[in-house]
Amino acid sequence: MKVLIIEDEKLAARRLEKLIKQYDPAIEVVGKLDSVKSTVKWLESNPQPDLAFLDIQLADGLSFEIFEQTILESPVIFTTAFDEYAIRAFKVNSIDYLLKPIDLEELTGAIEKYKKTQPNTDNIVRRHIFDNVLNLLTDNYKQRFVIKVGEHIRSIPVDDILYFYSLEKATFLHTSDDRNYVIDYSLEQIEKLVDPEKFFRINRRYIISLNSFTDIISYTNSRLKIELLHSDDNDVIVAREKTQSFKKWLDR
């Protein structure tokens, strides 16, 4: 069996490959790709794999864009950190889905399901499936984020999150009880997943909620300075090009 992994987190891709090899060392991973662009390029110059593991969020956008630009005829097993409700629309039509963090038992079940459905499965993943899922993802904003703390998994309600921020190539969320957690999303991805009525991206490093600040101060060059709760960062500035839209966001 030849398998293609499409996953933008290197650690997640390596873990998935390791689990696949644990399941069956004879399986060949023919490629590990991290973006829509690289996947489209690979598919246009390589034979279709027997099976594809496809993450929803990739480095340069939603993986559904792949199906707008090229043909992927292989059966698909989705890997995602989205809550289950967001993928109900295509659960029946795809081979299966795996919620991160993936374990060997779940992976085994998904591959066994793939084997049982071949060759009777219609391998072409229909575009309307992805349209349905995309509508779910845009109409129903995330209600919680799943995070890992050591060996434990926690679910953080969005209402408990004060702000998201990036630091040293990692992304964190900060909660109302003054805790920081690393999450497997970029700020660009988070911006699409959270309700814009509740969260606003003020600059390249921060997405803040309405409950996240104690003061807003006029700053140089028509900018605004934000004093965040539980934060030692004294340089949280609303980007100048976002100042007007930020004021409108506040004045609703």
# chains A, B, ... in the order shown; residues from 1 in each chain; ligands from 1

$ residues_around --residues "range 207-222 of chain A" --least-positions-apart "3" --cutoff "9 Å" --atoms "only C-alpha atoms" --output "tab-separated table (two decimals) with C-alpha atoms, in the first residue's frame"
chain	number	residue	atom	x	y	z
A	161	ILE	CA	-9.98	32.42	26.50
A	162	LEU	CA	-8.80	36.01	26.88
A	163	TYR	CA	-6.41	36.11	23.94
A	164	PHE	CA	-4.25	34.15	21.51
A	165	TYR	CA	-0.68	35.14	20.81
A	176	SER	CA	-9.13	33.89	32.32
A	187	LEU	CA	-2.98	32.89	14.32
A	190	ILE	CA	-7.44	30.81	14.56
A	191	GLU	CA	-8.70	34.03	12.99
A	197	GLU	CA	-17.96	39.27	17.10
A	198	LYS	CA	-15.96	38.09	20.12
A	199	PHE	CA	-12.34	38.19	18.91
A	200	PHE	CA	-10.29	40.73	16.98
A	201	ARG	CA	-6.82	40.42	15.49
A	202	ILE	CA	-5.07	43.62	16.53
A	203	ASN	CA	-1.66	42.88	14.99
A	204	ARG	CA	0.58	40.07	13.78
A	225	LYS	CA	-1.98	50.63	23.13
A	226	ILE	CA	-3.73	47.76	24.92
A	227	GLU	CA	-3.16	46.76	28.53
A	228	LEU	CA	-3.98	43.06	28.65
A	229	LEU	CA	-5.06	41.12	31.70
A	230	HIS	CA	-2.39	38.84	33.20
A	237	ILE	CA	-0.22	47.86	20.03
A	240	ARG	CA	-2.34	51.51	12.58
A	243	THR	CA	-7.28	51.06	14.41
A	250	LEU	CA	-15.65	47.89	20.19

$ residues_around --residues "range 1-14 of chain A" --least-positions-apart "6" --cutoff "7 Å" --atoms "only C-alpha atoms" --output "mmCIF file with N, CA and C atoms, in the first residue's frame"
data_model
loop_
_atom_site.group_PDB
_atom_site.id
_atom_site.type_symbol
_atom_site.label_atom_id
_atom_site.label_comp_id
_atom_site.auth_asym_id
_atom_site.auth_seq_id
_atom_site.Cartn_x
_atom_site.Cartn_y
_atom_site.Cartn_z
ATOM 1 N N ILE A 27 3.812 -0.849 4.554
ATOM 2 C CA ILE A 27 3.186 0.319 3.943
ATOM 3 C C ILE A 27 4.261 1.342 3.578
ATOM 4 N N GLU A 28 4.187 1.871 2.374
ATOM 5 C CA GLU A 28 5.161 2.865 1.905
ATOM 6 C C GLU A 28 4.548 4.270 1.955
ATOM 7 N N VAL A 29 5.169 5.153 2.724
ATOM 8 C CA VAL A 29 4.760 6.552 2.737
ATOM 9 C C VAL A 29 5.463 7.242 1.577
ATOM 10 N N VAL A 30 4.716 7.553 0.533
ATOM 11 C CA VAL A 30 5.323 8.061 -0.701
ATOM 12 C C VAL A 30 5.557 9.564 -0.654
ATOM 13 N N GLY A 31 4.977 10.237 0.320
ATOM 14 C CA GLY A 31 5.198 11.682 0.425
ATOM 15 C C GLY A 31 4.610 12.233 1.699
ATOM 16 N N LYS A 32 5.255 13.300 2.210
ATOM 17 C CA LYS A 32 4.734 14.061 3.349
ATOM 18 C C LYS A 32 4.724 15.524 2.934
ATOM 19 N N LEU A 33 3.537 16.090 2.789
ATOM 20 C CA LEU A 33 3.372 17.436 2.266
ATOM 21 C C LEU A 33 2.714 18.313 3.309
ATOM 22 N N ASP A 34 3.000 19.626 3.259
ATOM 23 C CA ASP A 34 2.534 20.505 4.332
ATOM 24 C C ASP A 34 1.667 21.665 3.873
ATOM 25 N N SER A 35 1.309 21.706 2.592
ATOM 26 C CA SER A 35 0.552 22.855 2.109
ATOM 27 C C SER A 35 -0.324 22.466 0.929
ATOM 28 N N PRO A 49 -1.884 7.942 -4.860
ATOM 29 C CA PRO A 49 -1.588 6.960 -3.812
ATOM 30 C C PRO A 49 -2.792 6.050 -3.587
ATOM 31 N N ASP A 50 -2.583 4.954 -2.863
ATOM 32 C CA ASP A 50 -3.692 4.071 -2.531
ATOM 33 C C ASP A 50 -4.598 4.705 -1.475
ATOM 34 N N LEU A 51 -4.002 5.498 -0.609
ATOM 35 C CA LEU A 51 -4.729 6.084 0.499
ATOM 36 C C LEU A 51 -4.056 7.403 0.889
ATOM 37 N N ALA A 52 -4.855 8.402 1.254
ATOM 38 C CA ALA A 52 -4.299 9.694 1.670
ATOM 39 C C ALA A 52 -4.803 10.048 3.064
ATOM 40 N N PHE A 53 -3.884 10.506 3.904
ATOM 41 C CA PHE A 53 -4.234 11.068 5.202
ATOM 42 C C PHE A 53 -4.181 12.579 5.048
ATOM 43 N N LEU A 54 -5.295 13.247 5.299
ATOM 44 C CA LEU A 54 -5.417 14.657 4.947
ATOM 45 C C LEU A 54 -5.854 15.491 6.144
ATOM 46 N N ASP A 55 -5.005 16.426 6.547
ATOM 47 C CA ASP A 55 -5.373 17.370 7.600
ATOM 48 C C ASP A 55 -6.248 18.466 6.994
ATOM 49 N N LEU A 58 -4.000 23.438 6.646
ATOM 50 C CA LEU A 58 -2.634 23.325 6.152
ATOM 51 C C LEU A 58 -1.930 24.674 6.250
ATOM 52 N N ALA A 59 -0.654 24.691 5.919
ATOM 53 C CA ALA A 59 0.168 25.880 6.118
ATOM 54 C C ALA A 59 -0.359 27.088 5.348
#

$ select_by_dssp --residues "range 24-248 of chain A" --states "strand (DSSP E)" --output "PyMOL selection string"
chain A and resi 28-33+51-55+57-58+61-62+76-80+96-99+144-149+152-157+161-167+170-175+180-183+199-201+206-209+213-218+224-228+237-238

$ atom_distance --atom1 "CA of Lys100 in chain A" --atom2 "CA of Lys142 in chain A"
15.4 Å

$ closest_residue --among "A:Ala26, A:Asp159, A:Pro196, A:Val40" --to "Trp249 in chain A" --atoms "only C-alpha atoms"
A:Pro196

$ closest_residue --among "A:Leu99, A:Leu193, A:Ile153, A:Leu19" --to "Tyr141 in chain A" --atoms "only C-alpha atoms"
A:Leu193

$ closest_residue --among "A:Ile56, A:Asp177, A:Glu44, A:Val36" --to "Glu68 in chain A" --atoms "only C-alpha atoms"
A:Val36

$ residues_around --residues "Gln69 in chain A" --least-positions-apart "2" --cutoff "12 Å" --atoms "only C-alpha atoms" --output "list in words"
Val36, Lys37, Ser38, Thr39, Val40, Lys41, Leu43, Glu44, Ser63, Phe64, Glu65, Ile66, Phe67, Ile71, Leu72 and Arg127 of chain A

$ closest_residue --among "A:Val76, A:Leu62, A:Ala239, A:Val146" --to "Gln189 in chain A" --atoms "only C-alpha atoms"
A:Leu62

$ atom_distance --atom1 "CA of Ser245 in chain A" --atom2 "CA of Arg223 in chain A"
11.9 Å
